[in-house]
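Asker: Please see the structure below; I have some questions.
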Amino acid sequence: MTSEQELGRTLTVSLGERSYDIFIGPGLVDQAGAILTPIIKQKRTFVLSDDNVAPLYLERLFKALGDSKIEADSLVLPAGESTKDFTHLERVVKTLLSAKVERATTLIALGGGVIGDLTGFAAAIVLRGIDFVQIPTTLLAQVDSSVGGKTGINTPQGKNLAGSFHQPIAVLADIDVLRTLSDRERLAGYAEVCKYGLIGDKDFWHWLEENGEKTISGDPAATAHAVETSCAAKASIVAEDERESGKRALLNLGHTFAHALEAEAGYSGILLHGEAVAIGMVMAFTLSARLGLCSEDDAKRVRSHFEAVGLPVAPPRQIGAMKADTLLAHMAQDKKVQDGDLTFVLVRGIGEAFLTQDVSREDLVSILEAALAT
Ligand code: NAD
Ligand code: GLY
């Protein structure tokens, strides 16, 4: 696979009348007008972006839209997780209403998961719901947050606790834009790529063991394959269980631990979401091995691969004062709590994740204490 043409792929998220395509390949920002012309209801769009991404790609997107005679306004917000809050949502909604967007206007999210989640939520509530397009610019957003329609913001009580299911009408994953992403952000996104191998695709995991370094360093063919395989896995799960009444919860492998670690780190730069997910997935495998559900070898294999590519496998020392009890208290806030019980994603091996509520407090405390002592 060498030519740019060969790197391009289109996948479909099959959700009846809410079905949409995920376009994956190089150069898609420059083709946005041509791709979106047959999809949008009105030749009017409003782009939301952040102040890292906008200087890099907003003019190019405007040109691409302009070449197809699509009108575009924009609002550029501060980069970072703290933008995903009520204050910025209010600003976005008021700006859109002042600009007199119409029911047929399309919002475009140009950025990572923060801009994608916020734009999607604004699209869900403005004028009781308008269309939006995702142009994800981080690896994490390309393989996870831009697909599947989970939108929302954080509240003082926790992450993503206010939001809505609102599917985009298209996703344009331009693998070229990942070139400007920092090494650390790319690596954090790679943890979510690994998740798809670990939950249900052993062959993909083997491919990642061989090709992980190439993917992380931005090799176009490896990146395209990793993004396509991840999006195909997510599209299939979302098509089966859009509202997370069952199978979709498997996508949360490692996330219950990760969210607790992120909360304890204060959503600071100490721990990126993908880094927390890597640590959480190691904990899920360690717990599964301890419970005799999966082999010690599989747990070691996951840890070794993460260590080899440079992902963290234990909580960082900067949040070393953390206690198992504090983490358990954060875990009790999880959205997956039902009748007071947490649902965990555990594994019978690599590629064999399943859901269970059958985890004792003692086992949890022991896993958390061991991880904190590392
Ligand atoms: P992010 O949006 O904060 O982006 C990370 C950083 O990279 C930011 O500083 C951003 O400005 C910068 N950036 C983005 N694209 C760039 C590019 N091409 N070049 C240079 N810099 C670039 O973070 P993220 O990791 O993309 O997303 C994390 C968010 O996604 C969290 O809020 C998380 O809750 C959410 N999320 C949502 C879902 C979902 O299903 N909706 C799934 C996973 C994560
Ligand atoms: N990121 C988990 C999901 O979309 O369900």
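Each chain in the structure tokens gets a letter, A, B, ..., in the order shown, and its residues are numbered from 1; ligands are numbered from 1 in order too.
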Write out, as a tab-separated table, each residue of chain A that has an atom at most 6 Å from ligand 1, together with the closest pair of atoms and their distance in Å to one decimal, counting only C-alpha atoms and all ligand atoms, rows going by chain and rising number.
Answerer:
residue	atom	partner	partner_atom_place_in_ligand_line	distance
A:Asp50	CA	ligand 1	11 (O)	5.8
A:Asn52	CA	ligand 1	11 (O)	4.4
A:Val53	CA	ligand 1	16 (C)	5.3
A:Ala79	CA	ligand 1	11 (O)	4.6
A:Gly80	CA	ligand 1	3 (O)	4.5
A:Glu81	CA	ligand 1	3 (O)	5.3
A:Gly111	CA	ligand 1	15 (N)	5.2
A:Gly112	CA	ligand 1	2 (O)	3.2
A:Gly113	CA	ligand 1	27 (O)	3.2
A:Val114	CA	ligand 1	2 (O)	3.9
A:Ile115	CA	ligand 1	2 (O)	5.7
A:Asp117	CA	ligand 1	41 (N)	5.4
A:Thr137	CA	ligand 1	15 (N)	4.2
A:Thr138	CA	ligand 1	15 (N)	4.5
A:Leu140	CA	ligand 1	26 (O)	5.2
A:Ala141	CA	ligand 1	26 (O)	4.8
A:Asp144	CA	ligand 1	42 (C)	5.1
A:Ser145	CA	ligand 1	39 (C)	3.5
A:Lys150	CA	ligand 1	41 (N)	4.2
A:Thr151	CA	ligand 1	41 (N)	5.1
A:Val177	CA	ligand 1	18 (N)	4.6
A:Leu178	CA	ligand 1	18 (N)	4.8
A:Thr180	CA	ligand 1	19 (N)	4.1
A:Leu181	CA	ligand 1	19 (N)	3.8
Asker: DSSP on the backbone, then: every residue of stretch 15-130 of chain A marked alpha helix (DSSP H), written as a count of residues only.
Answerer: 45
Asker: With only C-alpha atoms and all ligand atoms as the basis for distance, which of A:Gly163, A:Pro156, A:Gly148, A:Pro78 is at the shortest distance from ligand 2?
Answerer: A:Gly148
Asker: What's around stretch 40-43 of chain A at 7 Å? Count only C-alpha atoms, leave out sequence neighbours fewer than 2 positions away in its own chain, and write the answer as a list in words.
Answerer: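 Near stretch 40-43 of chain A, the qualifying residues are Leu36, Thr37, Pro38, Thr45, Ile70, Glu71, Ala104, Thr105 and Thr106 of chain A.
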Asker: Name each residue within 10 Å of ligand 2, counting only C-alpha atoms and all ligand atoms, as a list in words.
Answerer: Leu140, Ala141, Val143, Asp144, Ser145, Ser146, Val147, Gly148, Gly149, Lys150, Thr151, Phe165, Glu192, Lys234, Ala235, Ile237, Val238, Asp241, Glu242, Arg243, Glu244, Lys247, Arg248, Ala249, Leu250, Leu251, Asn252, Leu253 and His255 of chain A
Asker: Which residue out of A:Lys69, A:Arg348, A:His330, A:Lys323 has the minimum interatomic distance to A:Val365 when only C-alpha atoms are used?
Answerer: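 Among the listed residues, the smallest separation from A:Val365 belongs to A:Lys323.
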Asker: As JSON, numbers by chain, please: the residues near stretch 271-277 of chain A (cut-off 8 Å, only C-alpha atoms, same-chain neighbours under 4 positions excluded).
Answerer: {"A": [140, 185, 187, 188, 189, 190, 191, 192, 253, 254, 255, 257, 258, 259, 261, 262, 265, 267, 281, 311, 312, 315, 316]}
Asker: When you count only C-alpha atoms, which of these residues is closest to A:His166: A:Phe204, A:Phe132, A:Phe306, A:Phe285?
Answerer: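 The closest residue to A:His166 is A:Phe132.
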Asker: Which is closest to A:Asp325 among A:Leu346, A:Ile367, A:Val29, A:Val302, if we use only C-alpha atoms?
Answerer: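 Between A:Leu346, A:Ile367, A:Val29, A:Val302, the residue approaching A:Asp325 most closely is A:Ile367.
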Asker: Please list as a list in words every residue within 8 Å of A:Gly8, counting only C-alpha atoms and excluding residues in the same chain fewer than 6 positions away.
Answerer: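 Contacts, with the query itself left out: Phe23, Ile24, Gly25, Pro26 and Ala224 of chain A.
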Asker: Let me see the file: selected residues, C-alpha atoms, as a PDB file, in the first residue's frame.
Answerer:
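As written to disk, part-v4.pdb reads:
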ATOM      1  CA  PHE A  23     -14.161   8.629   5.371  1.00  0.00           C
ATOM      2  CA  ILE A  24     -10.588   7.634   6.239  1.00  0.00           C
ATOM      3  CA  GLY A  25      -7.479   8.673   4.341  1.00  0.00           C
ATOM      4  CA  PRO A  26      -4.970  11.420   3.599  1.00  0.00           C
ATOM      5  CA  ALA A 224      -4.545   4.066   7.922  1.00  0.00           C
TER       6      ALA A 224
END
Asker: Using only C-alpha atoms, which of the listed residues (A:Leu65, A:Val193, A:Ile350, A:Val92) sits closest to A:Asp30?
Answerer: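 So, comparing all the options, the nearest one is A:Leu65.
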Asker: Where in stretch 99-201 of chain A does DSSP assign strand (DSSP E), given as JSON, numbers by chain?
Answerer: {"A": [106, 107, 108, 109, 110, 111, 131, 132, 133, 134, 135, 136, 150, 151, 152, 153, 154, 155, 158, 159, 160, 161, 162, 163, 164, 165, 170, 171, 172, 173, 174]}
Asker: Looking at only C-alpha atoms, which of A:Ile175, A:Ser288, A:Lys159, A:His225 is the one that sits closest to A:Met331?
Answerer: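 Closest residue, counting only C-alpha atoms: A:Lys159.
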Asker: Please report the interatomic distance between atom CA of A:Asp183 and atom CA of A:Ser74 in Å with one decimal.
Answerer: 27.9 Å
